[in-house]
Amino acid sequence: MFIDEVIITVKAGDGGNGCLAFRREKFVPRGGPSGGDGGHGGDVIMVASPHHNTLLHFRFNPEHKAQRGRHGEGSNKTGHDGTSKEIATPVGTVVYDAETGEMLHDFTAAGDRFVLAHGGRGGKGNARFATSTHQAPTEHEDGKPGELKLLADVGLVGFPNAGKSTLISRISAAKPKIADYPFTTLEPNLGVVRASEDQTDDRTFVVADIPGLIEGAHLGHGLGIQFLRHIERTRLLVHLVDVSETGRDPAEDFEIVMRELASFSEDLAAKPMIVVATKLDAAQDPARVKAIEKLAKKRKLPFFKISSATGEGIEKLKHAMAERVLAPASALSPD
Ligand SMILES: Nc1nc2c(ncn2[C@@H]2O[C@H](COP(=O)(O)OP(=O)(O)OP(=O)(O)O)[C@@H](O)[C@H]2O)c(=O)[nH]1
Ligand SMILES: [Mg+2]
């Protein structure tokens with residue numbers, strides 16, 4: 001039997017925020033609270049389809065998001081609910097939660113439906129908080145975030161601006177936002193990477209690009225920390241260090257990120273890691289590259305140097321990742 005397997009990410013819509021408003025109209029004194037509720041976020045629903053026979057459509061489209069709920073408005077207007085996202089899958093698919101290994105659903109018949117991620121509830125508007133003794137409430141709620149389920153084989157970590165998103169755009173079909181300032185990436189991006197150029201080898205693995213980490217990230221500084229738990233289940237971390245003329249010390253950047261990972265969890269600190277010096281084309285001082293190589297050696301971690309701009313070292317790095325997260329091609333003969 002040939003078993004097809006893919007890992008996908010689903011993100012349900014966030015709930016809209018409740019509104020704070022009071023009715024203000026001529027000739028209507030003390031108009032009362034009128035803030036409407038936020039809309040609910042959309043769900044991500046998987047549906048068994050008789051028109052699909054394989055999981056191939058997921059391979060190059062592994063991320064599925066539902067729409068967020070709109071915020072509530074004045075005049076007691078409730079925000080619109082986000083549209084749910086339906087994703088089709090062949091009859092016979094079994095879905096598991098990639099984080100817990102728990103079986104979620106077995107799609108046995110066409111039309112079978114299962115909610116993979118629930119949309120966030122919309123927040124209540126202030127009108128909801130009015131009581132006979134509390135007539136001008138200013139309480140209103142924020143919407144609840146939708147669920148995010150993510151699993152990748154490889155997690156890219158590093159300082160903001162280290163070139164993480166550029167690398168993922170280079171090795172996969174993902175098109176994340178790339179820019180010359182820190183915190184360009186605000187949410188994780190996933191890319192599906194082919195293990196080799198050989199057309200007969202259709203092994204792929206998933207790489208996650210998460211927002212950059214800074215000093216104090218484990219205390220909530222910057223953005224990266226909330227996403228670290230999404231890479232806790234990856235099998236490999238690739239730590240990118242910018243060795244171009246950044247005005248910072250790359251060795252210090254490296255140590256900061258290592259400390260932040262360790263402060264977050266022992267699991268993360270103990271994960272296999274590849275160290276990568278990035279932006280080699282713009283590195284004028286070879287001592288900066290050497291410094292990172294030495295740090296990697298000290299920790300017995302494999303070291304690579306790349307330039308996503310010229311492509312130098314990219315193939316080698318890709319193969320090193322594939323080697324660590326995939327079974328050898330020969331071991332995968334379908335029976
Ligand atoms: N010269 C050169 N510039 C690069 C290279 N890789 C990335 N850059 C540039 O570095 C800047 C940051 O790249 P990103 O890929 O957005 O960096 P990031 O690590 O994803 O940054 P955050 O999302 O902010 O954490 C962009 O201006 C890229 O064009 C490279 O190999 N060479
Ligand atoms: Mg980025």
# chains A, B, ... in the order shown; residues from 1 in each chain; ligands from 1

$ residues_near_ligand --ligand "ligand 1" --cutoff "9 Å" --atoms "only C-alpha atoms and all ligand atoms" --output "MDAnalysis selection string"
chainID A and resid 156:169 176:187 209:213 224 240:242 244 278:283 306:312

$ residues_around --residues "Asp43 in chain A" --least-positions-apart "4" --cutoff "12 Å" --atoms "only C-alpha atoms" --output "PyMOL selection string"
chain A and resi 10-15+64-69+81-87+113-121+145-148

$ residues_around --residues "Thr108 in chain A" --least-positions-apart "2" --cutoff "12 Å" --atoms "only C-alpha atoms" --output "VMD selection string"
chain A and resid 47 to 50 89 to 95 105 to 106 110 to 114

$ write_last_selection --atoms "N, CA, C and O atoms" --output "mmCIF file, in the first residue's frame"
data_model
loop_
_atom_site.group_PDB
_atom_site.id
_atom_site.type_symbol
_atom_site.label_atom_id
_atom_site.label_comp_id
_atom_site.auth_asym_id
_atom_site.auth_seq_id
_atom_site.Cartn_x
_atom_site.Cartn_y
_atom_site.Cartn_z
ATOM 1 N N VAL A 47 -13.096 18.780 4.454
ATOM 2 C CA VAL A 47 -14.254 18.075 3.907
ATOM 3 C C VAL A 47 -13.772 16.955 2.994
ATOM 4 O O VAL A 47 -12.919 17.166 2.131
ATOM 5 N N ALA A 48 -14.305 15.757 3.172
ATOM 6 C CA ALA A 48 -13.921 14.638 2.303
ATOM 7 C C ALA A 48 -14.578 14.812 0.940
ATOM 8 O O ALA A 48 -15.788 15.000 0.854
ATOM 9 N N SER A 49 -13.763 14.790 -0.089
ATOM 10 C CA SER A 49 -14.269 15.076 -1.432
ATOM 11 C C SER A 49 -14.083 13.863 -2.342
ATOM 12 O O SER A 49 -13.011 13.256 -2.366
ATOM 13 N N PRO A 50 -15.126 13.531 -3.104
ATOM 14 C CA PRO A 50 -14.990 12.409 -4.031
ATOM 15 C C PRO A 50 -14.122 12.757 -5.235
ATOM 16 O O PRO A 50 -13.760 11.885 -6.022
ATOM 17 N N THR A 89 -10.265 17.058 0.888
ATOM 18 C CA THR A 89 -9.290 15.993 1.066
ATOM 19 C C THR A 89 -9.918 14.687 0.577
ATOM 20 O O THR A 89 -11.142 14.569 0.564
ATOM 21 N N PRO A 90 -9.125 13.724 0.121
ATOM 22 C CA PRO A 90 -9.733 12.479 -0.365
ATOM 23 C C PRO A 90 -10.455 11.709 0.749
ATOM 24 O O PRO A 90 -10.069 11.807 1.917
ATOM 25 N N VAL A 91 -11.469 10.965 0.361
ATOM 26 C CA VAL A 91 -12.103 10.035 1.299
ATOM 27 C C VAL A 91 -11.020 9.035 1.712
ATOM 28 O O VAL A 91 -10.234 8.603 0.877
ATOM 29 N N GLY A 92 -10.962 8.700 2.987
ATOM 30 C CA GLY A 92 -9.922 7.766 3.442
ATOM 31 C C GLY A 92 -8.778 8.479 4.140
ATOM 32 O O GLY A 92 -7.894 7.840 4.704
ATOM 33 N N THR A 93 -8.812 9.829 4.120
ATOM 34 C CA THR A 93 -7.761 10.582 4.819
ATOM 35 C C THR A 93 -7.930 10.430 6.335
ATOM 36 O O THR A 93 -9.041 10.452 6.840
ATOM 37 N N VAL A 94 -6.829 10.294 7.016
ATOM 38 C CA VAL A 94 -6.863 10.332 8.478
ATOM 39 C C VAL A 94 -6.038 11.541 8.906
ATOM 40 O O VAL A 94 -4.914 11.709 8.453
ATOM 41 N N VAL A 95 -6.629 12.416 9.735
ATOM 42 C CA VAL A 95 -5.847 13.572 10.205
ATOM 43 C C VAL A 95 -5.411 13.392 11.634
ATOM 44 O O VAL A 95 -6.184 12.937 12.484
ATOM 45 N N HIS A 105 -9.512 12.828 13.163
ATOM 46 C CA HIS A 105 -10.683 12.400 12.403
ATOM 47 C C HIS A 105 -10.284 11.462 11.286
ATOM 48 O O HIS A 105 -9.222 11.587 10.704
ATOM 49 N N ASP A 106 -11.204 10.538 10.997
ATOM 50 C CA ASP A 106 -11.008 9.585 9.915
ATOM 51 C C ASP A 106 -12.130 9.858 8.914
ATOM 52 O O ASP A 106 -13.307 9.685 9.244
ATOM 53 N N ALA A 110 -17.694 10.508 1.538
ATOM 54 C CA ALA A 110 -17.696 11.817 0.876
ATOM 55 C C ALA A 110 -18.661 12.743 1.613
ATOM 56 O O ALA A 110 -19.736 12.321 2.045
ATOM 57 N N GLY A 111 -18.236 14.002 1.769
ATOM 58 C CA GLY A 111 -19.095 14.972 2.440
ATOM 59 C C GLY A 111 -18.851 15.053 3.942
ATOM 60 O O GLY A 111 -19.324 15.953 4.621
ATOM 61 N N ASP A 112 -18.090 14.092 4.469
ATOM 62 C CA ASP A 112 -17.699 14.095 5.877
ATOM 63 C C ASP A 112 -16.978 15.400 6.188
ATOM 64 O O ASP A 112 -16.098 15.815 5.437
ATOM 65 N N ARG A 113 -17.312 16.056 7.302
ATOM 66 C CA ARG A 113 -16.702 17.351 7.620
ATOM 67 C C ARG A 113 -16.104 17.321 9.024
ATOM 68 O O ARG A 113 -16.643 16.690 9.912
ATOM 69 N N PHE A 114 -15.011 18.032 9.187
ATOM 70 C CA PHE A 114 -14.401 18.114 10.510
ATOM 71 C C PHE A 114 -13.739 19.483 10.668
ATOM 72 O O PHE A 114 -13.012 19.929 9.783
#

$ select_by_dssp --residues "range 37-207 of chain A" --states "helix (DSSP H, G or I)" --output "list of chain:residue names"
A:Leu56, A:His57, A:Phe58, A:Arg59, A:Asn126, A:Ala127, A:Arg128, A:Phe129, A:Lys164, A:Ser165, A:Thr166, A:Leu167, A:Ile168, A:Ser169, A:Arg170, A:Ile171

$ closest_residue --among "A:Thr200, A:Thr246, A:Asn189, A:Asn76" --to "ligand 2" --atoms "only C-alpha atoms and all ligand atoms"
A:Asn189

$ atom_distance --atom1 "CA of Leu219 in chain A" --atom2 "CA of Glu255 in chain A"
16.5 Å

$ decode --residues "range 242-255 of chain A" --atoms "N, CA, C and O atoms" --output "tab-separated table (two decimals), in the first residue's frame"
chain	number	residue	atom	x	y	z
A	242	ASP	N	23.95	36.84	10.44
A	242	ASP	CA	24.35	37.81	9.42
A	242	ASP	C	25.82	38.21	9.66
A	242	ASP	O	26.16	38.75	10.71
A	243	VAL	N	26.70	37.90	8.68
A	243	VAL	CA	28.11	38.24	8.87
A	243	VAL	C	28.52	39.44	8.01
A	243	VAL	O	29.70	39.77	7.90
A	244	SER	N	27.52	40.12	7.39
A	244	SER	CA	27.87	41.32	6.63
A	244	SER	C	28.09	42.49	7.60
A	244	SER	O	27.98	42.31	8.82
A	245	GLU	N	28.35	43.64	7.05
A	245	GLU	CA	28.70	44.78	7.93
A	245	GLU	C	27.45	45.36	8.58
A	245	GLU	O	26.87	46.33	8.08
A	246	THR	N	27.03	44.75	9.67
A	246	THR	CA	25.77	45.18	10.30
A	246	THR	C	25.98	46.24	11.37
A	246	THR	O	25.02	46.83	11.86
A	247	GLY	N	27.25	46.42	11.78
A	247	GLY	CA	27.49	47.32	12.90
A	247	GLY	C	27.37	46.59	14.23
A	247	GLY	O	27.64	47.14	15.29
A	248	ARG	N	26.93	45.32	14.17
A	248	ARG	CA	26.89	44.52	15.40
A	248	ARG	C	27.95	43.44	15.30
A	248	ARG	O	28.55	43.23	14.26
A	249	ASP	N	28.17	42.75	16.42
A	249	ASP	CA	29.15	41.68	16.44
A	249	ASP	C	28.42	40.36	16.19
A	249	ASP	O	27.57	39.97	16.99
A	250	PRO	N	28.72	39.67	15.07
A	250	PRO	CA	27.96	38.45	14.77
A	250	PRO	C	28.07	37.39	15.86
A	250	PRO	O	27.12	36.66	16.13
A	251	ALA	N	29.26	37.31	16.50
A	251	ALA	CA	29.43	36.31	17.57
A	251	ALA	C	28.46	36.61	18.71
A	251	ALA	O	27.89	35.71	19.33
A	252	GLU	N	28.26	37.90	18.96
A	252	GLU	CA	27.34	38.27	20.04
A	252	GLU	C	25.90	37.95	19.64
A	252	GLU	O	25.12	37.44	20.45
A	253	ASP	N	25.55	38.24	18.37
A	253	ASP	CA	24.21	37.90	17.87
A	253	ASP	C	23.94	36.41	18.07
A	253	ASP	O	22.88	36.00	18.53
A	254	PHE	N	24.95	35.62	17.71
A	254	PHE	CA	24.84	34.16	17.84
A	254	PHE	C	24.55	33.77	19.29
A	254	PHE	O	23.61	33.03	19.57
A	255	GLU	N	25.36	34.30	20.19
A	255	GLU	CA	25.20	33.93	21.60
A	255	GLU	C	23.86	34.38	22.16
A	255	GLU	O	23.25	33.68	22.97
